[in-house]
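Data from target28.cif: mmCIF, C-alpha atoms
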data_coords
#
loop_
_atom_site.label_atom_id
_atom_site.label_comp_id
_atom_site.auth_asym_id
_atom_site.auth_seq_id
_atom_site.Cartn_x
_atom_site.Cartn_y
_atom_site.Cartn_z
CA MET A 428 -3.63 -32.36 -12.73
CA SER A 429 -3.98 -29.05 -10.93
CA THR A 430 -4.51 -25.88 -12.94
CA PRO A 431 -1.55 -23.48 -12.86
CA LEU A 432 -2.06 -20.42 -10.66
CA ILE A 433 -2.75 -17.07 -12.32
CA PRO A 434 0.29 -14.79 -11.88
CA SER A 435 -0.62 -11.46 -10.29
CA THR A 436 1.21 -8.14 -10.01
CA ILE A 437 0.37 -5.24 -7.70
CA LEU A 438 1.21 -1.85 -9.20
CA THR A 439 1.42 0.96 -6.67
CA GLY A 440 2.85 4.45 -6.41
CA PHE A 441 1.80 7.91 -5.38
CA LEU A 442 -0.64 10.00 -7.41
CA GLY A 443 1.01 11.24 -10.58
CA SER A 444 3.93 8.82 -10.45
CA GLY A 445 3.09 7.28 -13.83
CA LYS A 446 1.21 4.06 -12.98
CA THR A 447 -1.36 4.54 -15.74
CA THR A 448 1.35 5.40 -18.28
CA LEU A 449 3.19 2.18 -17.43
CA LEU A 450 -0.06 0.19 -17.60
CA LYS A 451 -0.93 1.58 -21.02
CA ARG A 452 2.48 0.55 -22.28
CA ILE A 453 2.10 -2.97 -20.89
CA LEU A 454 -1.40 -3.35 -22.37
CA HIS A 455 -0.39 -2.13 -25.81
CA GLU A 456 2.81 -4.16 -26.00
CA ALA A 457 2.74 -7.10 -28.41
CA HIS A 458 3.63 -9.65 -25.74
CA GLY A 459 0.96 -12.21 -26.61
CA SER A 460 -0.18 -12.31 -23.00
CA ARG A 461 -3.79 -11.47 -22.17
CA ILE A 462 -3.85 -9.34 -19.08
CA ALA A 463 -6.75 -8.56 -16.76
CA VAL A 464 -6.30 -5.18 -15.08
CA ILE A 465 -8.13 -4.45 -11.84
CA GLU A 466 -8.31 -0.77 -11.04
CA ASN A 467 -8.77 0.29 -7.46
CA GLU A 468 -8.42 3.95 -8.31
CA PHE A 469 -10.21 7.13 -7.33
CA GLY A 470 -11.93 8.98 -10.13
CA GLU A 471 -13.91 7.95 -13.14
CA GLU A 472 -11.23 7.83 -15.79
CA ASN A 473 -10.62 4.40 -17.21
CA ILE A 474 -7.20 3.30 -18.40
CA ASP A 475 -7.82 4.34 -21.97
CA ASN A 476 -11.43 5.14 -22.76
CA ASP A 477 -10.75 5.47 -26.48
CA ILE A 478 -10.01 1.83 -27.07
CA LEU A 479 -12.15 0.20 -24.44
CA VAL A 480 -15.57 -1.27 -25.10
CA GLN A 481 -17.81 -1.18 -22.06
CA GLU A 482 -19.82 -4.36 -21.49
CA SER A 483 -23.44 -3.50 -20.83
CA GLY A 484 -24.17 -2.99 -17.16
CA GLU A 485 -20.76 -4.33 -16.21
CA GLN A 486 -17.67 -2.65 -14.95
CA ILE A 487 -15.56 -4.97 -17.04
CA VAL A 488 -14.23 -3.69 -20.33
CA GLN A 489 -12.74 -5.72 -23.13
CA MET A 490 -9.86 -4.32 -25.16
CA SER A 491 -9.03 -4.88 -28.79
CA ASN A 492 -5.97 -7.00 -27.95
CA GLY A 493 -7.87 -9.37 -25.69
CA CYS A 494 -6.92 -7.66 -22.42
CA ILE A 495 -9.70 -6.86 -20.01
CA CYS A 496 -10.05 -4.16 -17.39
CA CYS A 497 -12.40 -3.86 -14.48
CA THR A 498 -12.98 -1.44 -11.63
CA ILE A 499 -13.42 -2.79 -8.13
CA ARG A 500 -17.00 -2.28 -7.06
CA ASP A 501 -16.95 -4.07 -3.75
CA ASP A 502 -13.87 -5.78 -2.42
CA LEU A 503 -10.85 -7.23 -4.12
CA ARG A 504 -11.50 -10.77 -2.92
CA ALA A 505 -14.93 -10.85 -4.58
CA THR A 506 -13.54 -9.35 -7.78
CA LEU A 507 -10.72 -11.90 -7.98
CA SER A 508 -13.11 -14.79 -7.32
CA ASP A 509 -15.53 -13.48 -9.95
CA LEU A 510 -12.78 -13.12 -12.58
CA ALA A 511 -11.46 -16.63 -11.88
CA ALA A 512 -14.96 -18.13 -12.12
CA ARG A 513 -15.64 -16.40 -15.45
CA ARG A 514 -12.27 -17.56 -16.74
CA ARG A 515 -13.08 -21.18 -15.82
CA LYS A 516 -16.40 -20.92 -17.66
CA GLY A 517 -14.65 -19.53 -20.74
CA GLU A 518 -16.49 -16.17 -20.54
CA LEU A 519 -13.27 -14.19 -20.08
CA MET A 520 -9.84 -15.13 -21.37
CA PHE A 521 -6.76 -13.83 -19.56
CA ASP A 522 -3.35 -15.20 -18.57
CA ARG A 523 -2.40 -12.90 -15.70
CA ILE A 524 -3.68 -9.95 -13.67
CA ILE A 525 -2.32 -6.56 -12.70
CA ILE A 526 -3.93 -4.66 -9.84
CA GLU A 527 -3.46 -0.89 -9.94
CA THR A 528 -3.97 0.48 -6.44
CA THR A 529 -5.13 3.95 -5.60
CA GLY A 530 -2.25 6.40 -5.23
CA VAL A 531 -2.76 6.80 -1.50
CA ALA A 532 -3.15 3.10 -0.72
CA ASP A 533 -1.09 0.91 1.54
CA PRO A 534 -0.36 -2.16 -0.64
CA GLY A 535 -0.24 -4.42 2.45
CA PRO A 536 -3.93 -5.38 2.64
CA VAL A 537 -3.97 -5.96 -1.15
CA ALA A 538 -1.01 -8.36 -0.82
CA GLN A 539 -2.59 -10.08 2.17
CA THR A 540 -5.71 -10.92 0.16
CA PHE A 541 -3.62 -13.42 -1.80
CA PHE A 542 -2.68 -15.32 1.35
CA MET A 543 -5.56 -14.85 3.78
CA ASP A 544 -8.36 -16.01 1.52
CA ASP A 545 -8.25 -19.71 0.65
CA GLU A 546 -10.31 -19.32 -2.52
CA VAL A 547 -8.01 -16.59 -3.86
CA ALA A 548 -4.85 -18.43 -2.74
CA SER A 549 -5.97 -21.57 -4.59
CA GLN A 550 -6.27 -19.69 -7.90
CA TYR A 551 -3.77 -16.83 -7.90
CA LEU A 552 -0.05 -16.46 -7.29
CA LEU A 553 1.17 -13.06 -6.11
CA ASP A 554 4.22 -12.47 -8.30
CA SER A 555 5.47 -9.08 -7.11
CA ILE A 556 4.72 -5.56 -5.93
CA ILE A 557 5.95 -2.82 -8.24
CA THR A 558 6.17 0.76 -6.97
CA LEU A 559 6.50 3.86 -9.12
CA VAL A 560 8.24 6.87 -7.60
CA ASP A 561 7.98 10.37 -9.07
CA ALA A 562 11.51 11.80 -8.86
CA LYS A 563 10.25 15.39 -8.94
CA HIS A 564 7.88 15.09 -5.97
CA ALA A 565 9.20 12.04 -4.12
CA GLU A 566 11.16 13.85 -1.42
CA GLN A 567 8.15 15.89 -0.37
CA GLN A 568 5.83 12.86 -0.54
CA LEU A 569 8.21 10.71 1.49
CA ASP A 570 8.60 13.52 4.04
CA THR A 571 4.89 14.11 4.51
CA ARG A 572 3.05 10.90 3.65
CA LEU A 573 3.61 7.61 5.43
CA GLU A 574 1.70 5.85 2.61
CA ALA A 575 4.47 6.86 0.17
CA GLN A 576 7.08 5.32 2.47
CA ARG A 577 4.96 2.18 2.84
CA GLN A 578 4.69 1.81 -0.92
CA VAL A 579 8.49 1.91 -1.17
CA GLY A 580 8.83 -0.47 1.78
CA PHE A 581 6.60 -3.08 0.14
CA ALA A 582 8.24 -2.95 -3.28
CA ASP A 583 10.03 -5.81 -5.02
CA GLN A 584 10.89 -3.47 -7.91
CA ILE A 585 10.99 0.35 -7.89
CA PHE A 586 10.65 2.40 -11.08
CA ILE A 587 11.68 6.04 -10.80
CA SER A 588 9.78 8.30 -13.21
CA LYS A 589 10.40 11.95 -14.19
CA ALA A 590 14.12 11.60 -13.43
CA ASP A 591 14.84 14.09 -16.23
CA LEU A 592 13.14 16.81 -14.17
CA VAL A 593 15.70 16.69 -11.33
CA SER A 594 19.47 17.17 -11.12
CA SER A 595 21.83 14.20 -10.97
CA ASP A 596 22.59 15.04 -7.31
CA GLU A 597 18.89 15.10 -6.42
CA LEU A 598 18.38 11.79 -8.21
CA ALA A 599 21.33 10.19 -6.40
CA ALA A 600 20.01 11.45 -3.05
CA LEU A 601 16.58 9.99 -3.80
CA GLN A 602 18.04 6.63 -4.84
CA HIS A 603 20.10 6.51 -1.66
CA ARG A 604 17.04 7.26 0.43
CA LEU A 605 14.93 4.62 -1.35
CA ALA A 606 17.68 2.04 -0.86
CA HIS A 607 17.82 2.90 2.81
CA ILE A 608 14.06 2.45 3.23
CA ASN A 609 14.08 -0.77 1.18
CA PRO A 610 17.48 -2.33 0.37
CA ARG A 611 15.93 -5.43 -1.20
CA ALA A 612 14.04 -3.74 -4.06
CA LYS A 613 15.82 -3.21 -7.35
CA GLN A 614 15.64 0.36 -8.68
CA GLN A 615 15.30 1.36 -12.31
CA ILE A 616 14.72 4.70 -14.04
CA THR A 617 11.84 4.80 -16.49
CA HIS A 618 10.84 7.37 -19.12
CA PHE A 619 7.10 7.43 -19.78
CA GLY A 620 6.64 3.83 -18.69
CA ASN A 621 9.18 2.60 -21.19
CA VAL A 622 10.53 -0.45 -19.36
CA PRO A 623 11.17 -3.99 -20.61
CA LEU A 624 8.31 -6.33 -19.73
CA LYS A 625 10.77 -8.79 -18.21
CA ASP A 626 11.31 -6.16 -15.48
CA VAL A 627 7.58 -6.00 -14.74
CA LEU A 628 6.18 -9.51 -15.13
CA ASP A 629 7.27 -12.86 -13.68
CA LEU A 630 9.70 -11.32 -11.17
CA ARG A 631 8.92 -13.99 -8.55
CA GLY A 632 9.37 -11.39 -5.87
CA PHE A 633 6.83 -13.12 -3.66
CA ASN A 634 7.09 -16.66 -4.87
CA LEU A 635 8.34 -19.08 -2.24
CA ASN A 636 10.01 -21.83 -4.18
CA ALA A 637 13.40 -23.36 -4.72
CA LYS A 638 14.28 -20.91 -7.49
CA LEU A 639 13.92 -17.94 -5.16
CA ASP A 640 17.07 -16.61 -3.57
CA ILE A 641 17.92 -13.25 -2.16
CA ASP A 642 19.39 -10.91 -4.72
CA PRO A 643 23.10 -10.87 -3.84
CA GLU A 644 23.15 -7.13 -4.53
CA PHE A 645 20.47 -6.36 -1.98
CA LEU A 646 22.88 -5.83 0.93
CA LYS A 647 25.44 -3.75 -0.92
CA GLU A 648 24.01 -0.36 0.01
CA GLU A 649 23.63 -1.47 3.60
CA GLU A 650 27.21 -2.75 3.79
CA HIS A 651 28.56 0.39 2.16
CA ASP A 652 26.88 2.50 4.82
CA HIS A 653 26.98 0.40 7.92
CA GLY A 654 29.31 -2.55 7.74
CA HIS A 655 28.46 -4.77 10.69
CA ASP A 656 27.81 -1.97 13.15
CA HIS A 657 24.36 -2.77 14.47
CA ASP A 658 24.29 0.41 16.56
CA HIS A 659 24.75 2.86 13.72
CA LYS A 660 21.57 4.86 13.26
CA HIS A 661 21.38 6.39 9.83
CA GLY A 662 21.90 10.12 10.04
CA GLU A 663 23.99 10.16 13.22
CA HIS A 664 27.42 9.73 11.74
CA CYS A 665 26.52 8.96 8.18
CA ASN A 666 28.96 10.65 5.84
CA HIS A 667 27.14 9.83 2.64
CA PRO A 668 27.34 12.98 0.49
CA HIS A 669 23.70 12.75 -0.60
CA HIS A 670 22.17 12.06 2.78
CA HIS A 671 19.90 14.79 4.09
CA HIS A 672 19.25 13.37 7.55
CA HIS A 673 15.72 12.23 6.80
CA ASP A 674 14.15 10.42 9.68
CA ASP A 675 11.78 8.20 7.73
CA ASP A 676 9.23 6.19 9.69
CA VAL A 677 9.73 3.26 7.32
CA LYS A 678 13.24 1.91 7.80
CA SER A 679 15.14 -1.26 7.12
CA PHE A 680 17.84 -3.16 8.92
CA VAL A 681 19.73 -6.37 8.26
CA PHE A 682 20.71 -9.29 10.47
CA ARG A 683 23.57 -11.63 9.54
CA SER A 684 25.10 -14.57 11.32
CA ASP A 685 27.49 -17.40 10.50
CA ARG A 686 25.99 -19.53 13.29
CA PRO A 687 22.91 -21.60 12.38
CA PHE A 688 19.49 -20.96 13.89
CA ASP A 689 17.82 -23.31 16.33
CA PRO A 690 14.53 -23.95 14.43
CA ALA A 691 12.29 -24.15 17.53
CA LYS A 692 13.76 -21.02 19.14
CA LEU A 693 13.51 -19.04 15.90
CA GLU A 694 9.91 -20.09 15.33
CA ASP A 695 8.96 -19.06 18.88
CA PHE A 696 10.70 -15.70 18.58
CA LEU A 697 9.31 -14.82 15.15
CA GLY A 698 5.83 -15.89 16.24
CA ALA A 699 6.07 -13.56 19.22
CA ILE A 700 7.31 -10.47 17.36
CA VAL A 701 4.80 -10.93 14.56
CA GLN A 702 2.01 -11.01 17.17
CA ILE A 703 3.17 -7.71 18.64
CA TYR A 704 4.66 -5.78 15.71
CA GLY A 705 2.99 -7.49 12.71
CA PRO A 706 0.95 -4.48 11.57
CA ARG A 707 4.17 -2.41 11.45
CA MET A 708 6.24 -5.11 9.69
CA LEU A 709 5.86 -4.34 5.99
CA ARG A 710 8.19 -6.89 4.42
CA TYR A 711 10.77 -9.21 5.88
CA LYS A 712 12.78 -11.72 3.98
CA GLY A 713 15.85 -13.85 4.35
CA VAL A 714 17.96 -16.87 3.53
CA LEU A 715 18.49 -18.88 6.71
CA SER A 716 20.97 -21.48 7.83
CA MET A 717 19.11 -23.91 10.12
CA GLN A 718 20.63 -26.53 12.37
CA GLY A 719 20.16 -30.03 10.94
CA ILE A 720 19.08 -28.82 7.47
CA ASP A 721 21.63 -28.93 4.65
CA ARG A 722 19.58 -26.70 2.35
CA LYS A 723 18.97 -22.98 2.49
CA VAL A 724 15.67 -22.00 4.05
CA VAL A 725 14.02 -19.07 2.29
CA PHE A 726 11.80 -17.13 4.60
CA GLN A 727 9.59 -14.10 4.05
CA GLY A 728 6.55 -12.32 5.33
CA VAL A 729 4.12 -9.43 5.07
CA HIS A 730 2.62 -8.05 8.27
CA GLN A 731 1.46 -11.06 10.33
CA LEU A 732 1.77 -13.55 7.48
CA MET A 733 4.98 -15.47 7.02
CA GLY A 734 6.15 -18.54 5.22
CA SER A 735 9.30 -20.49 4.52
CA ASP A 736 10.49 -23.01 1.99
CA LEU A 737 13.54 -25.14 1.31
CA ALA A 738 15.80 -23.82 -1.45
CA SER A 739 19.05 -25.11 -2.95
CA PRO A 740 21.72 -26.96 -0.91
CA TRP A 741 24.43 -24.78 0.65
CA GLY A 742 27.13 -26.70 -1.21
CA HIS A 743 30.58 -25.13 -0.79
CA GLU A 744 29.45 -21.58 -0.01
CA PRO A 745 29.66 -20.37 3.60
CA ARG A 746 26.45 -20.95 5.53
CA GLN A 747 25.45 -17.44 6.51
CA SER A 748 21.94 -16.36 7.47
CA ARG A 749 20.86 -12.98 6.09
CA LEU A 750 17.56 -11.32 6.95
CA VAL A 751 16.23 -7.90 6.06
CA PHE A 752 13.34 -6.27 7.94
CA ILE A 753 11.41 -3.31 6.53
CA GLY A 754 8.85 -1.66 8.77
CA ILE A 755 7.46 1.32 10.63
CA ASP A 756 9.36 2.21 13.82
CA LEU A 757 10.36 -1.39 14.45
CA PRO A 758 12.37 -2.02 17.64
CA ARG A 759 15.60 -2.85 15.85
CA ASP A 760 17.58 -3.70 19.00
CA ILE A 761 14.89 -6.06 20.35
CA ILE A 762 14.61 -7.88 17.02
CA LEU A 763 18.38 -8.20 16.50
CA GLN A 764 18.88 -9.40 20.07
CA GLY A 765 16.02 -11.92 19.76
CA LEU A 766 17.47 -13.30 16.51
CA GLU A 767 20.89 -13.57 18.17
CA GLN A 768 19.31 -15.54 21.02
CA SER A 769 17.59 -17.87 18.52
CA LEU A 770 20.94 -19.08 17.19
CA VAL A 771 22.42 -22.43 18.24
CA ALA A 772 24.35 -21.84 21.44
#
Mind converting the file's structure to structure tokens?
Amino acid sequence: MSTPLIPSTILTGFLGSGKTTLLKRILHEAHGSRIAVIENEFGEENIDNDILVQESGEQIVQMSNGCICCTIRDDLRATLSDLAARRRKGELMFDRIIIETTGVADPGPVAQTFFMDDEVASQYLLDSIITLVDAKHAEQQLDTRLEAQRQVGFADQIFISKADLVSSDELAALQHRLAHINPRAKQQITHFGNVPLKDVLDLRGFNLNAKLDIDPEFLKEEEHDHGHDHDHKHGEHCNHPHHHHHDDDVKSFVFRSDRPFDPAKLEDFLGAIVQIYGPRMLRYKGVLSMQGIDRKVVFQGVHQLMGSDLASPWGHEPRQSRLVFIGIDLPRDIILQGLEQSLVA
């Protein structure tokens, strides 16, 4: 019998957004789960030096509640392999891992490690990417730092911290902007990392299996703004009261069709665009209706990596394909036209 994969969460967010506060809360919660935390953070400060016991000569620290923390010395792949090996030997006991990225990191390469490396992929399951956004400084960070936009673009779940430091109008404007960059991530406001663990762990944001389906709410913001007008560029004639005409590099768009896809045509087209635009494609995800297949096909990708899986049967609901693309300066018209041409004639 194969050993279950170790669930893994990537925690990202700009400097000062509250990642460490959230981590402390998770580690001190009485959840009965032993968590290994991998820190890929600038600076010397450990998560909570007061309660950590440093192992001699190691950068792995054991906590009183059985959690462990380590700092990446070389690369993530080696660290993950080392942790898994020590777990197999019974030297370290943990049930899941959380990777805290540096505040200026692009989470993409971290996520790719779980798919590109066979050894890692055979032992770990990437559960989700969680992004913290500092309400007070987010607008400036999103305006000036592409990494901040990328972190939002990659997210499965967004937690907004320091919301009490801004007005309700400023908060609404920020939420609208975040939803426009990434309509598929759920947003939640957090005070000092105080969020239910069910909203952090086991989200299955990345898990390709039959239980996964697109959140039915994920298109609401998009529909409210755009309807089915593919030509509407946000900011041109957008009458949303909170919209400040930001021209973010990271943007999202949605494709929908009631006609099924031709599997061969779609595979050829997606293969071609991923070759050309892969580095700029942060996340893409969809539920597809395919000719000759009576079940939904769940499809998603990160950069050049993509995968699909069969989900539940369509049953009585209308067979409509829905895809969302989140990326940096993606050629929206080319992608929408190519998808249209991949449908059954």
Quick one: which residues end up in the PyMOL selection byres ((chain A and resi 602) around 12) for this structure, as a PDB file with C-alpha atoms, keeping the file's coordinate frame?
ATOM      1  CA  VAL A 560       8.240   6.870  -7.600  1.00  0.00           C
ATOM      2  CA  ASP A 561       7.980  10.370  -9.070  1.00  0.00           C
ATOM      3  CA  ALA A 562      11.510  11.800  -8.860  1.00  0.00           C
ATOM      4  CA  ALA A 565       9.200  12.040  -4.120  1.00  0.00           C
ATOM      5  CA  GLU A 566      11.160  13.850  -1.420  1.00  0.00           C
ATOM      6  CA  VAL A 579       8.490   1.910  -1.170  1.00  0.00           C
ATOM      7  CA  ILE A 585      10.990   0.350  -7.890  1.00  0.00           C
ATOM      8  CA  PHE A 586      10.650   2.400 -11.080  1.00  0.00           C
ATOM      9  CA  ILE A 587      11.680   6.040 -10.800  1.00  0.00           C
ATOM     10  CA  SER A 588       9.780   8.300 -13.210  1.00  0.00           C
ATOM     11  CA  ALA A 590      14.120  11.600 -13.430  1.00  0.00           C
ATOM     12  CA  SER A 595      21.830  14.200 -10.970  1.00  0.00           C
ATOM     13  CA  ASP A 596      22.590  15.040  -7.310  1.00  0.00           C
ATOM     14  CA  GLU A 597      18.890  15.100  -6.420  1.00  0.00           C
ATOM     15  CA  LEU A 598      18.380  11.790  -8.210  1.00  0.00           C
ATOM     16  CA  ALA A 599      21.330  10.190  -6.400  1.00  0.00           C
ATOM     17  CA  ALA A 600      20.010  11.450  -3.050  1.00  0.00           C
ATOM     18  CA  LEU A 601      16.580   9.990  -3.800  1.00  0.00           C
ATOM     19  CA  HIS A 603      20.100   6.510  -1.660  1.00  0.00           C
ATOM     20  CA  ARG A 604      17.040   7.260   0.430  1.00  0.00           C
ATOM     21  CA  LEU A 605      14.930   4.620  -1.350  1.00  0.00           C
ATOM     22  CA  ALA A 606      17.680   2.040  -0.860  1.00  0.00           C
ATOM     23  CA  HIS A 607      17.820   2.900   2.810  1.00  0.00           C
ATOM     24  CA  ILE A 608      14.060   2.450   3.230  1.00  0.00           C
ATOM     25  CA  ASN A 609      14.080  -0.770   1.180  1.00  0.00           C
ATOM     26  CA  PRO A 610      17.480  -2.330   0.370  1.00  0.00           C
ATOM     27  CA  ALA A 612      14.040  -3.740  -4.060  1.00  0.00           C
ATOM     28  CA  LYS A 613      15.820  -3.210  -7.350  1.00  0.00           C
ATOM     29  CA  GLN A 614      15.640   0.360  -8.680  1.00  0.00           C
ATOM     30  CA  GLN A 615      15.300   1.360 -12.310  1.00  0.00           C
ATOM     31  CA  ILE A 616      14.720   4.700 -14.040  1.00  0.00           C
ATOM     32  CA  GLU A 648      24.010  -0.360   0.010  1.00  0.00           C
ATOM     33  CA  HIS A 669      23.700  12.750  -0.600  1.00  0.00           C
ATOM     34  CA  HIS A 670      22.170  12.060   2.780  1.00  0.00           C
TER      35      HIS A 670
END
Ground truth for the PyMOL selection byres ((chain A and resi 544-548) around 10), written as an MDAnalysis selection string | chainID A and resid 432:433 503:508 511 539:543 549:553
How would the residues just chosen look if you wrote them out with C-alpha atoms as a PDB file, in the frame of the given file?
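result_9.pdb, written as the output of this step:
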ATOM      1  CA  LEU A 432      -2.060 -20.420 -10.660  1.00  0.00           C
ATOM      2  CA  ILE A 433      -2.750 -17.070 -12.320  1.00  0.00           C
ATOM      3  CA  LEU A 503     -10.850  -7.230  -4.120  1.00  0.00           C
ATOM      4  CA  ARG A 504     -11.500 -10.770  -2.920  1.00  0.00           C
ATOM      5  CA  ALA A 505     -14.930 -10.850  -4.580  1.00  0.00           C
ATOM      6  CA  THR A 506     -13.540  -9.350  -7.780  1.00  0.00           C
ATOM      7  CA  LEU A 507     -10.720 -11.900  -7.980  1.00  0.00           C
ATOM      8  CA  SER A 508     -13.110 -14.790  -7.320  1.00  0.00           C
ATOM      9  CA  ALA A 511     -11.460 -16.630 -11.880  1.00  0.00           C
ATOM     10  CA  GLN A 539      -2.590 -10.080   2.170  1.00  0.00           C
ATOM     11  CA  THR A 540      -5.710 -10.920   0.160  1.00  0.00           C
ATOM     12  CA  PHE A 541      -3.620 -13.420  -1.800  1.00  0.00           C
ATOM     13  CA  PHE A 542      -2.680 -15.320   1.350  1.00  0.00           C
ATOM     14  CA  MET A 543      -5.560 -14.850   3.780  1.00  0.00           C
ATOM     15  CA  SER A 549      -5.970 -21.570  -4.590  1.00  0.00           C
ATOM     16  CA  GLN A 550      -6.270 -19.690  -7.900  1.00  0.00           C
ATOM     17  CA  TYR A 551      -3.770 -16.830  -7.900  1.00  0.00           C
ATOM     18  CA  LEU A 552      -0.050 -16.460  -7.290  1.00  0.00           C
ATOM     19  CA  LEU A 553       1.170 -13.060  -6.110  1.00  0.00           C
TER      20      LEU A 553
END
Between CA of Gly620 (chain A) and CA of Arg461 (chain A), measure the distance and give it in Å to one decimal.
->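 Rounded to one decimal, the two atoms are 18.8 Å apart.
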Taking the file above as input, evaluate the PyMOL selection byres ((chain A and resi 737) around 6) and report the hits as a ChimeraX atom specification.
-> /A:723-724,736,738
Between A:Leu693, A:Ile557, A:Val593, A:Val622, which is the closest to Arg452 (chain A) once you count all atoms listed in the file?
->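 Among the listed residues, A:Val622 lies closest to Arg452 (chain A).
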Spatial neighbours of Pro687 (chain A), 10 Å, only C-alpha atoms, chain gap at least 4 places, as number ranges by chain | A: 715-720, 746-748, 769-772
Mind checking which residues fall within 10 Å of Arg707 (chain A), counting all atoms listed in the file, ignoring those fewer than 5 positions away in the same chain, and posting them as a count of residues only?
-> 11
Computed interatomic separation between CA of Phe688 (chain A) and CA of Asp554 (chain A) (Å) |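 Result for CA of Phe688 (chain A) versus CA of Asp554 (chain A): 28.2 Å, one decimal.
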Measure the distance from CA of Val464 (chain A) to CA of Ile526 (chain A) in Å and round it to one decimal.
->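 Computing it gives 5.8 Å between the two atoms.
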Nearest candidate to Val537 (chain A) (options A:Ser735, A:Trp741, A:Glu466, A:Arg515; using only C-alpha atoms) | A:Glu466
